[in-house]
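Structure data follow from data-v9.cif (mmCIF, N, CA and C atoms):
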data_my_file
loop_
_atom_site.label_atom_id
_atom_site.label_comp_id
_atom_site.auth_asym_id
_atom_site.auth_seq_id
_atom_site.Cartn_x
_atom_site.Cartn_y
_atom_site.Cartn_z
N GLY A 1 5.39 -10.81 19.07
CA GLY A 1 4.55 -10.24 18.05
C GLY A 1 4.01 -8.89 18.48
N LEU A 2 3.23 -8.31 17.61
CA LEU A 2 2.60 -7.03 17.88
C LEU A 2 1.31 -7.24 18.65
N SER A 3 0.94 -6.28 19.46
CA SER A 3 -0.33 -6.37 20.18
C SER A 3 -0.97 -4.99 20.26
N LEU A 4 -2.28 -4.99 20.45
CA LEU A 4 -3.02 -3.74 20.56
C LEU A 4 -2.89 -3.16 21.96
N GLN A 5 -3.02 -1.86 22.06
CA GLN A 5 -3.10 -1.22 23.37
C GLN A 5 -4.33 -1.78 24.08
N PRO A 6 -4.27 -1.96 25.39
CA PRO A 6 -5.40 -2.55 26.12
C PRO A 6 -6.74 -1.85 25.87
N ALA A 7 -6.77 -0.53 25.86
CA ALA A 7 -8.03 0.19 25.64
C ALA A 7 -8.57 -0.07 24.24
N LEU A 8 -7.70 -0.09 23.27
CA LEU A 8 -8.12 -0.36 21.89
C LEU A 8 -8.59 -1.81 21.76
N LYS A 9 -7.92 -2.72 22.43
CA LYS A 9 -8.31 -4.14 22.41
C LYS A 9 -9.71 -4.31 23.00
N ARG A 10 -10.01 -3.62 24.08
CA ARG A 10 -11.36 -3.70 24.69
C ARG A 10 -12.41 -3.18 23.72
N LYS A 11 -12.11 -2.08 23.02
CA LYS A 11 -13.05 -1.55 22.05
C LYS A 11 -13.27 -2.53 20.91
N LEU A 12 -12.19 -3.13 20.42
CA LEU A 12 -12.30 -4.12 19.35
C LEU A 12 -13.15 -5.29 19.81
N ASP A 13 -12.88 -5.81 20.99
CA ASP A 13 -13.65 -6.94 21.52
C ASP A 13 -15.13 -6.59 21.63
N SER A 14 -15.44 -5.37 22.03
CA SER A 14 -16.82 -4.93 22.15
C SER A 14 -17.51 -4.90 20.80
N VAL A 15 -16.85 -4.36 19.80
CA VAL A 15 -17.41 -4.30 18.45
C VAL A 15 -17.61 -5.71 17.89
N VAL A 16 -16.62 -6.57 18.08
CA VAL A 16 -16.72 -7.95 17.62
C VAL A 16 -17.92 -8.64 18.26
N GLU A 17 -18.11 -8.43 19.56
CA GLU A 17 -19.23 -9.05 20.28
C GLU A 17 -20.57 -8.59 19.69
N VAL A 18 -20.71 -7.31 19.43
CA VAL A 18 -21.94 -6.77 18.86
C VAL A 18 -22.19 -7.34 17.46
N LEU A 19 -21.16 -7.37 16.63
CA LEU A 19 -21.33 -7.87 15.27
C LEU A 19 -21.61 -9.37 15.25
N ARG A 20 -20.96 -10.11 16.12
CA ARG A 20 -21.24 -11.55 16.20
C ARG A 20 -22.69 -11.79 16.64
N ALA A 21 -23.17 -10.99 17.59
CA ALA A 21 -24.55 -11.12 18.05
C ALA A 21 -25.53 -10.83 16.92
N ALA A 22 -25.09 -10.01 15.96
CA ALA A 22 -25.94 -9.69 14.81
C ALA A 22 -25.82 -10.73 13.71
N GLY A 23 -24.98 -11.76 13.93
CA GLY A 23 -24.90 -12.86 12.97
C GLY A 23 -23.73 -12.83 12.01
N PHE A 24 -22.79 -11.92 12.23
CA PHE A 24 -21.62 -11.84 11.36
C PHE A 24 -20.50 -12.73 11.88
N ALA A 25 -19.80 -13.39 10.95
CA ALA A 25 -18.58 -14.13 11.31
C ALA A 25 -17.44 -13.13 11.30
N MET A 26 -16.73 -13.03 12.44
CA MET A 26 -15.71 -11.99 12.61
C MET A 26 -14.30 -12.55 12.66
N ALA A 27 -13.35 -11.73 12.27
CA ALA A 27 -11.93 -12.10 12.23
C ALA A 27 -11.16 -11.57 13.43
N ALA A 28 -11.73 -11.61 14.61
CA ALA A 28 -11.07 -11.01 15.77
C ALA A 28 -9.71 -11.61 16.07
N THR A 29 -9.55 -12.89 15.91
CA THR A 29 -8.27 -13.53 16.24
C THR A 29 -7.61 -14.21 15.05
N ALA A 30 -8.26 -14.20 13.91
CA ALA A 30 -7.70 -14.89 12.74
C ALA A 30 -6.51 -14.12 12.17
N GLU A 31 -5.52 -14.85 11.74
CA GLU A 31 -4.35 -14.26 11.07
C GLU A 31 -4.39 -14.63 9.60
N TRP A 32 -3.76 -13.80 8.78
CA TRP A 32 -3.61 -14.18 7.39
C TRP A 32 -2.71 -15.41 7.35
N PRO A 33 -2.97 -16.32 6.42
CA PRO A 33 -2.16 -17.53 6.35
C PRO A 33 -0.75 -17.24 5.85
N SER A 34 0.13 -18.18 6.07
CA SER A 34 1.50 -18.08 5.55
C SER A 34 1.60 -18.90 4.28
N ARG A 35 2.47 -18.44 3.40
CA ARG A 35 2.75 -19.15 2.16
C ARG A 35 4.24 -19.06 1.88
N HIS A 36 4.72 -19.95 1.03
CA HIS A 36 6.12 -19.90 0.64
C HIS A 36 6.28 -18.87 -0.48
N PHE A 37 7.26 -17.99 -0.33
CA PHE A 37 7.58 -17.00 -1.35
C PHE A 37 8.98 -17.31 -1.86
N ALA A 38 9.06 -17.69 -3.13
CA ALA A 38 10.34 -18.11 -3.70
C ALA A 38 11.40 -17.02 -3.57
N TYR A 39 11.03 -15.76 -3.79
CA TYR A 39 12.04 -14.69 -3.74
C TYR A 39 12.58 -14.48 -2.33
N LEU A 40 11.79 -14.86 -1.31
CA LEU A 40 12.27 -14.79 0.07
C LEU A 40 12.98 -16.06 0.49
N GLY A 41 12.62 -17.17 -0.16
CA GLY A 41 13.20 -18.46 0.20
C GLY A 41 12.64 -19.01 1.50
N ARG A 42 11.41 -18.57 1.87
CA ARG A 42 10.82 -19.02 3.14
C ARG A 42 9.32 -18.78 3.13
N GLU A 43 8.69 -19.31 4.18
CA GLU A 43 7.28 -19.04 4.44
C GLU A 43 7.16 -17.66 5.06
N GLU A 44 6.08 -16.96 4.73
CA GLU A 44 5.82 -15.66 5.34
C GLU A 44 4.32 -15.43 5.37
N ASN A 45 3.85 -14.71 6.36
CA ASN A 45 2.46 -14.31 6.45
C ASN A 45 2.14 -13.48 5.19
N VAL A 46 1.05 -13.83 4.49
CA VAL A 46 0.76 -13.15 3.21
C VAL A 46 0.46 -11.66 3.40
N GLY A 47 -0.11 -11.29 4.56
CA GLY A 47 -0.35 -9.87 4.82
C GLY A 47 0.93 -9.10 5.02
N VAL A 48 1.87 -9.70 5.75
CA VAL A 48 3.17 -9.07 5.98
C VAL A 48 3.92 -8.94 4.66
N GLU A 49 3.92 -10.01 3.87
CA GLU A 49 4.62 -9.96 2.58
C GLU A 49 4.02 -8.89 1.68
N SER A 50 2.71 -8.77 1.69
CA SER A 50 2.05 -7.78 0.84
C SER A 50 2.47 -6.36 1.21
N LEU A 51 2.54 -6.09 2.50
CA LEU A 51 2.87 -4.74 2.95
C LEU A 51 4.36 -4.42 2.88
N PHE A 52 5.19 -5.40 3.19
CA PHE A 52 6.63 -5.14 3.32
C PHE A 52 7.46 -5.94 2.33
N SER A 53 6.95 -6.12 1.14
CA SER A 53 7.52 -7.02 0.15
C SER A 53 9.03 -6.92 -0.04
N GLY A 54 9.49 -5.86 -0.65
CA GLY A 54 10.91 -5.76 -0.99
C GLY A 54 11.29 -6.64 -2.16
N GLU A 55 10.27 -7.23 -2.81
CA GLU A 55 10.53 -8.09 -3.96
C GLU A 55 11.25 -7.31 -5.05
N LYS A 56 12.23 -7.94 -5.67
CA LYS A 56 12.96 -7.26 -6.74
C LYS A 56 12.23 -7.43 -8.06
N ILE A 57 11.98 -6.30 -8.69
CA ILE A 57 11.38 -6.26 -10.02
C ILE A 57 12.33 -5.44 -10.88
N ASN A 58 12.74 -6.02 -11.97
CA ASN A 58 13.70 -5.36 -12.86
C ASN A 58 14.99 -5.00 -12.12
N GLY A 59 15.38 -5.88 -11.18
CA GLY A 59 16.66 -5.74 -10.50
C GLY A 59 16.67 -4.84 -9.27
N ARG A 60 15.53 -4.20 -8.96
CA ARG A 60 15.49 -3.31 -7.80
C ARG A 60 14.29 -3.63 -6.92
N PRO A 61 14.46 -3.55 -5.60
CA PRO A 61 13.34 -3.86 -4.71
C PRO A 61 12.23 -2.82 -4.80
N ILE A 62 11.00 -3.29 -4.64
CA ILE A 62 9.86 -2.39 -4.61
C ILE A 62 9.35 -2.32 -3.18
N SER A 63 8.61 -1.27 -2.89
CA SER A 63 8.09 -1.06 -1.54
C SER A 63 6.69 -0.47 -1.63
N ASN A 64 5.85 -0.81 -0.67
CA ASN A 64 4.53 -0.19 -0.59
C ASN A 64 4.57 1.02 0.34
N PHE A 65 5.70 1.25 0.97
CA PHE A 65 5.85 2.38 1.88
C PHE A 65 6.92 3.31 1.35
N GLU A 66 7.03 4.44 1.99
CA GLU A 66 7.95 5.48 1.55
C GLU A 66 7.61 5.81 0.10
N ALA A 67 8.58 6.03 -0.73
CA ALA A 67 8.31 6.25 -2.14
C ALA A 67 8.20 4.89 -2.81
N SER A 68 7.25 4.75 -3.66
CA SER A 68 6.97 3.47 -4.31
C SER A 68 6.72 3.69 -5.79
N PRO A 69 7.01 2.70 -6.61
CA PRO A 69 6.67 2.82 -8.03
C PRO A 69 5.19 3.10 -8.25
N ALA A 70 4.34 2.74 -7.27
CA ALA A 70 2.91 3.01 -7.41
C ALA A 70 2.63 4.50 -7.54
N PHE A 71 3.54 5.34 -7.06
CA PHE A 71 3.34 6.79 -7.10
C PHE A 71 3.88 7.43 -8.38
N ILE A 72 4.46 6.63 -9.27
CA ILE A 72 5.08 7.19 -10.47
C ILE A 72 4.12 8.06 -11.26
N SER A 73 2.86 7.69 -11.30
CA SER A 73 1.90 8.43 -12.12
C SER A 73 1.40 9.72 -11.47
N PHE A 74 1.75 9.97 -10.20
CA PHE A 74 1.22 11.16 -9.51
C PHE A 74 1.56 12.46 -10.23
N SER A 75 2.80 12.64 -10.62
CA SER A 75 3.19 13.90 -11.28
C SER A 75 2.44 14.07 -12.59
N GLY A 76 2.28 12.99 -13.32
CA GLY A 76 1.52 13.05 -14.58
C GLY A 76 0.06 13.37 -14.35
N GLN A 77 -0.52 12.80 -13.30
CA GLN A 77 -1.92 13.10 -12.97
C GLN A 77 -2.07 14.57 -12.61
N MET A 78 -1.09 15.08 -11.86
CA MET A 78 -1.12 16.50 -11.49
C MET A 78 -1.04 17.37 -12.76
N ALA A 79 -0.14 17.02 -13.66
CA ALA A 79 0.02 17.79 -14.89
C ALA A 79 -1.26 17.75 -15.73
N GLN A 80 -1.89 16.58 -15.79
CA GLN A 80 -3.14 16.45 -16.55
C GLN A 80 -4.24 17.31 -15.95
N PHE A 81 -4.32 17.34 -14.62
CA PHE A 81 -5.32 18.17 -13.95
C PHE A 81 -5.08 19.65 -14.25
N VAL A 82 -3.84 20.09 -14.13
CA VAL A 82 -3.51 21.50 -14.38
C VAL A 82 -3.84 21.88 -15.80
N THR A 83 -3.55 21.00 -16.76
CA THR A 83 -3.82 21.28 -18.16
C THR A 83 -5.32 21.25 -18.47
N SER A 84 -5.99 20.18 -18.02
CA SER A 84 -7.39 19.99 -18.39
C SER A 84 -8.37 20.89 -17.65
N TYR A 85 -8.12 21.12 -16.37
CA TYR A 85 -9.10 21.84 -15.57
C TYR A 85 -8.72 23.28 -15.28
N LEU A 86 -7.44 23.56 -15.20
CA LEU A 86 -7.02 24.91 -14.87
C LEU A 86 -6.51 25.69 -16.08
N ASP A 87 -6.10 24.95 -17.13
CA ASP A 87 -5.53 25.57 -18.33
C ASP A 87 -4.43 26.55 -17.96
N ALA A 88 -3.61 26.13 -16.97
CA ALA A 88 -2.55 27.00 -16.47
C ALA A 88 -1.22 26.65 -17.13
N PRO A 89 -0.49 27.64 -17.58
CA PRO A 89 0.79 27.40 -18.26
C PRO A 89 1.95 27.28 -17.25
N VAL A 90 1.90 26.24 -16.42
CA VAL A 90 2.96 26.02 -15.43
C VAL A 90 3.50 24.61 -15.57
N SER A 91 4.74 24.44 -15.20
CA SER A 91 5.37 23.13 -15.28
C SER A 91 5.20 22.36 -13.97
N ILE A 92 5.42 21.06 -14.02
CA ILE A 92 5.40 20.24 -12.80
C ILE A 92 6.44 20.77 -11.82
N LYS A 93 7.60 21.13 -12.33
CA LYS A 93 8.66 21.64 -11.46
C LYS A 93 8.20 22.89 -10.71
N GLU A 94 7.52 23.79 -11.39
CA GLU A 94 7.02 25.00 -10.73
C GLU A 94 5.99 24.67 -9.65
N ILE A 95 5.12 23.72 -9.94
CA ILE A 95 4.10 23.32 -8.96
C ILE A 95 4.78 22.70 -7.75
N VAL A 96 5.72 21.81 -7.99
CA VAL A 96 6.41 21.14 -6.89
C VAL A 96 7.19 22.15 -6.05
N ASP A 97 7.84 23.09 -6.71
CA ASP A 97 8.59 24.12 -5.96
C ASP A 97 7.69 24.97 -5.07
N ASP A 98 6.39 25.06 -5.42
CA ASP A 98 5.45 25.89 -4.67
C ASP A 98 4.66 25.10 -3.62
N MET A 99 4.86 23.79 -3.56
CA MET A 99 4.10 22.97 -2.61
C MET A 99 4.52 23.24 -1.18
N GLY A 100 3.54 23.22 -0.30
CA GLY A 100 3.81 23.36 1.12
C GLY A 100 3.88 22.00 1.79
N GLU A 101 3.98 22.04 3.10
CA GLU A 101 4.01 20.82 3.90
C GLU A 101 2.85 20.83 4.87
N ALA A 102 2.42 19.64 5.25
CA ALA A 102 1.37 19.51 6.27
C ALA A 102 2.01 18.81 7.46
N GLY A 103 2.72 19.57 8.26
CA GLY A 103 3.46 18.99 9.38
C GLY A 103 4.79 18.42 8.90
N ARG A 104 5.51 17.79 9.83
CA ARG A 104 6.83 17.25 9.47
C ARG A 104 6.73 15.99 8.63
N ALA A 105 5.62 15.27 8.75
CA ALA A 105 5.54 13.96 8.12
C ALA A 105 4.95 13.97 6.72
N HIS A 106 4.36 15.06 6.29
CA HIS A 106 3.72 15.06 4.97
C HIS A 106 4.33 16.15 4.11
N CYS A 107 5.17 15.72 3.18
CA CYS A 107 5.86 16.66 2.29
C CYS A 107 5.70 16.17 0.85
N PRO A 108 4.59 16.51 0.20
CA PRO A 108 4.37 16.01 -1.15
C PRO A 108 5.45 16.45 -2.15
N ALA A 109 6.03 17.61 -1.94
CA ALA A 109 7.09 18.06 -2.86
C ALA A 109 8.27 17.09 -2.80
N GLY A 110 8.60 16.63 -1.60
CA GLY A 110 9.70 15.67 -1.46
C GLY A 110 9.42 14.38 -2.22
N LEU A 111 8.17 13.91 -2.15
CA LEU A 111 7.79 12.70 -2.88
C LEU A 111 7.95 12.92 -4.39
N HIS A 112 7.44 14.03 -4.90
CA HIS A 112 7.54 14.31 -6.34
C HIS A 112 9.00 14.43 -6.78
N ARG A 113 9.81 15.12 -5.97
CA ARG A 113 11.23 15.25 -6.33
C ARG A 113 11.92 13.89 -6.36
N TYR A 114 11.60 13.05 -5.38
CA TYR A 114 12.18 11.71 -5.34
C TYR A 114 11.77 10.91 -6.58
N LEU A 115 10.50 10.99 -6.94
CA LEU A 115 10.02 10.23 -8.10
C LEU A 115 10.64 10.74 -9.40
N MET A 116 10.91 12.05 -9.46
CA MET A 116 11.49 12.61 -10.69
C MET A 116 12.96 12.25 -10.84
N LYS A 117 13.58 11.70 -9.77
CA LYS A 117 14.98 11.29 -9.88
C LYS A 117 15.14 10.00 -10.67
N GLY A 118 14.06 9.30 -10.96
CA GLY A 118 14.13 8.09 -11.77
C GLY A 118 14.56 6.85 -11.01
N GLU A 119 14.24 6.78 -9.72
CA GLU A 119 14.60 5.60 -8.92
C GLU A 119 13.80 4.36 -9.31
N PHE A 120 12.63 4.58 -9.93
CA PHE A 120 11.77 3.49 -10.33
C PHE A 120 11.60 3.53 -11.84
N ASP A 121 11.10 2.44 -12.38
CA ASP A 121 10.91 2.41 -13.83
C ASP A 121 9.53 1.90 -14.19
N GLU A 122 9.23 1.98 -15.46
CA GLU A 122 7.93 1.59 -15.99
C GLU A 122 7.62 0.12 -15.73
N THR A 123 8.62 -0.74 -15.78
CA THR A 123 8.40 -2.17 -15.53
C THR A 123 7.90 -2.39 -14.11
N GLN A 124 8.50 -1.72 -13.14
CA GLN A 124 8.05 -1.84 -11.75
C GLN A 124 6.63 -1.30 -11.60
N PHE A 125 6.35 -0.17 -12.23
CA PHE A 125 5.02 0.42 -12.16
C PHE A 125 3.98 -0.53 -12.74
N ARG A 126 4.24 -1.08 -13.92
CA ARG A 126 3.30 -2.01 -14.56
C ARG A 126 3.08 -3.24 -13.69
N TYR A 127 4.13 -3.74 -13.04
CA TYR A 127 4.00 -4.89 -12.16
C TYR A 127 3.08 -4.56 -10.97
N LEU A 128 3.29 -3.38 -10.37
CA LEU A 128 2.47 -3.01 -9.20
C LEU A 128 1.00 -2.81 -9.54
N ILE A 129 0.69 -2.26 -10.69
CA ILE A 129 -0.71 -2.01 -11.01
C ILE A 129 -1.34 -3.18 -11.75
N GLY A 130 -0.58 -4.22 -12.03
CA GLY A 130 -1.10 -5.40 -12.71
C GLY A 130 -1.01 -6.63 -11.85
N PRO A 131 0.02 -7.47 -12.07
CA PRO A 131 0.13 -8.73 -11.33
C PRO A 131 0.17 -8.56 -9.81
N ARG A 132 0.79 -7.51 -9.32
CA ARG A 132 0.89 -7.34 -7.87
C ARG A 132 -0.48 -7.07 -7.24
N VAL A 133 -1.34 -6.31 -7.93
CA VAL A 133 -2.68 -6.06 -7.41
C VAL A 133 -3.43 -7.37 -7.26
N ALA A 134 -3.37 -8.22 -8.29
CA ALA A 134 -4.06 -9.51 -8.22
C ALA A 134 -3.52 -10.36 -7.07
N LYS A 135 -2.21 -10.36 -6.90
CA LYS A 135 -1.57 -11.13 -5.82
C LYS A 135 -1.99 -10.59 -4.45
N ASP A 136 -2.04 -9.28 -4.29
CA ASP A 136 -2.40 -8.68 -3.01
C ASP A 136 -3.89 -8.87 -2.69
N VAL A 137 -4.74 -8.82 -3.71
CA VAL A 137 -6.17 -9.06 -3.48
C VAL A 137 -6.38 -10.51 -3.02
N GLU A 138 -5.69 -11.45 -3.67
CA GLU A 138 -5.79 -12.85 -3.26
C GLU A 138 -5.29 -13.02 -1.83
N ALA A 139 -4.20 -12.36 -1.49
CA ALA A 139 -3.66 -12.45 -0.13
C ALA A 139 -4.64 -11.87 0.87
N TYR A 140 -5.22 -10.71 0.57
CA TYR A 140 -6.18 -10.07 1.48
C TYR A 140 -7.40 -10.97 1.69
N ASN A 141 -7.93 -11.51 0.60
CA ASN A 141 -9.13 -12.34 0.69
C ASN A 141 -8.88 -13.68 1.37
N SER A 142 -7.64 -14.14 1.41
CA SER A 142 -7.34 -15.49 1.91
C SER A 142 -7.77 -15.70 3.36
N VAL A 143 -7.63 -14.69 4.21
CA VAL A 143 -8.03 -14.86 5.62
C VAL A 143 -9.54 -15.04 5.72
N PHE A 144 -10.29 -14.35 4.90
CA PHE A 144 -11.74 -14.48 4.91
C PHE A 144 -12.17 -15.84 4.37
N ASP A 145 -11.50 -16.27 3.29
CA ASP A 145 -11.82 -17.57 2.69
C ASP A 145 -11.45 -18.72 3.64
N GLU A 146 -10.25 -18.65 4.22
CA GLU A 146 -9.76 -19.73 5.07
C GLU A 146 -10.59 -19.93 6.33
N HIS A 147 -11.15 -18.85 6.86
CA HIS A 147 -11.89 -18.92 8.12
C HIS A 147 -13.39 -18.69 7.94
N SER A 148 -13.87 -18.63 6.68
CA SER A 148 -15.29 -18.40 6.38
C SER A 148 -15.83 -17.18 7.12
N LEU A 149 -15.15 -16.07 6.95
CA LEU A 149 -15.49 -14.83 7.66
C LEU A 149 -16.29 -13.88 6.79
N ASP A 150 -17.11 -13.07 7.42
CA ASP A 150 -17.82 -11.99 6.74
C ASP A 150 -17.04 -10.68 6.84
N LEU A 151 -16.51 -10.42 8.05
CA LEU A 151 -15.81 -9.16 8.33
C LEU A 151 -14.48 -9.43 9.01
#

Let's see the structure in the file written out as structure tokens.
Amino acid sequence: GLSLQPALKRKLDSVVEVLRAAGFAMAATAEWPSRHFAYLGREENVGVESLFSGEKINGRPISNFEASPAFISFSGQMAQFVTSYLDAPVSIKEIVDDMGEAGRAHCPAGLHRYLMKGEFDETQFRYLIGPRVAKDVEAYNSVFDEHSLDL
């Protein structure tokens, strides 16, 4: 399994000790529970499933990382901002073409171009902002409920 770096683990243990002394129930060693996921055909940790789903919606897998259907509305939000607040006569394409990068790992223009290719659809987007949110909130809360934790 995964483990924390020793220095980070010591810091975590220190914080947990202080919060426990203050009366908080802490999740220092608790794991999210496992549940059966029909689309996987097996039991999986609900936190892992939430982050790395790959569940197929409308015939294609969805992801919470890299480009995701959750980002579909970004270009529209940008266009709405430009229209409503800047009143600028520019297209999304022009804005994307003018975007810079913040290091090698952050390239918003690449994300917008990927999303404009139509790899995702409205059905996947609606699933992510509707039923998937409820499922992920339940999964997140389950560790706190199962172990009667505050933090």

- Task: Run through the PyMOL selection byres ((chain A and resi 142-150) around 7) on the given coordinates and return the selected residues as a VMD selection string.
- Result: chain A and resid 24 to 27 30 to 33 137 to 141 151

- Message: Could you pull out the strand (DSSP E) residues of chain A, going by DSSP on the backbone, and write them as a PyMOL selection string?
- Response: chain A and resi 34-37+42-45+56-57+60-61

- Task: Using DSSP on the backbone coordinates, identify all residues within chain A classified as helix (DSSP H, G or I); present the result as a PyMOL selection string.
- Result: chain A and resi 6-21+46-51+69-71+74-86+92-98+108-116+122-129+131-147

- Item | Who sits within 8 Å of Ala79 of chain A, all atoms listed in the file, same chain under 6 positions skipped, as a PyMOL selection string | chain A and resi 73+85+90-92

- Note on the structure: re atom N of Cys107 of chain A and atom C of Ser75 of chain A: distance 16.1 Å

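We find atom CA of Phe120 of chain A and atom CA of Ser63 of chain A to be spaced 10.6 Å apart.
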
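In this comparison, which uses only C-alpha atoms, the residue of A:Thr83, A:Gln124, A:Ser14, A:Ser68 approaching Phe52 of chain A most closely is A:Ser68.
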
- Point-to-point distance from atom N of Lys93 of chain A to atom CA of Met78 of chain A, Å rounded to tenths: 9.9 Å

Could you give me the centre and size, in Å to one decimal, of an axis-aligned box around all listed atoms of segment 95-109 of chain A with 8 Å added on every side, as JSON?
{"center_x": 5.0, "center_y": 19.9, "center_z": -0.1, "size_x": 23.2, "size_y": 27.9, "size_z": 35.8}
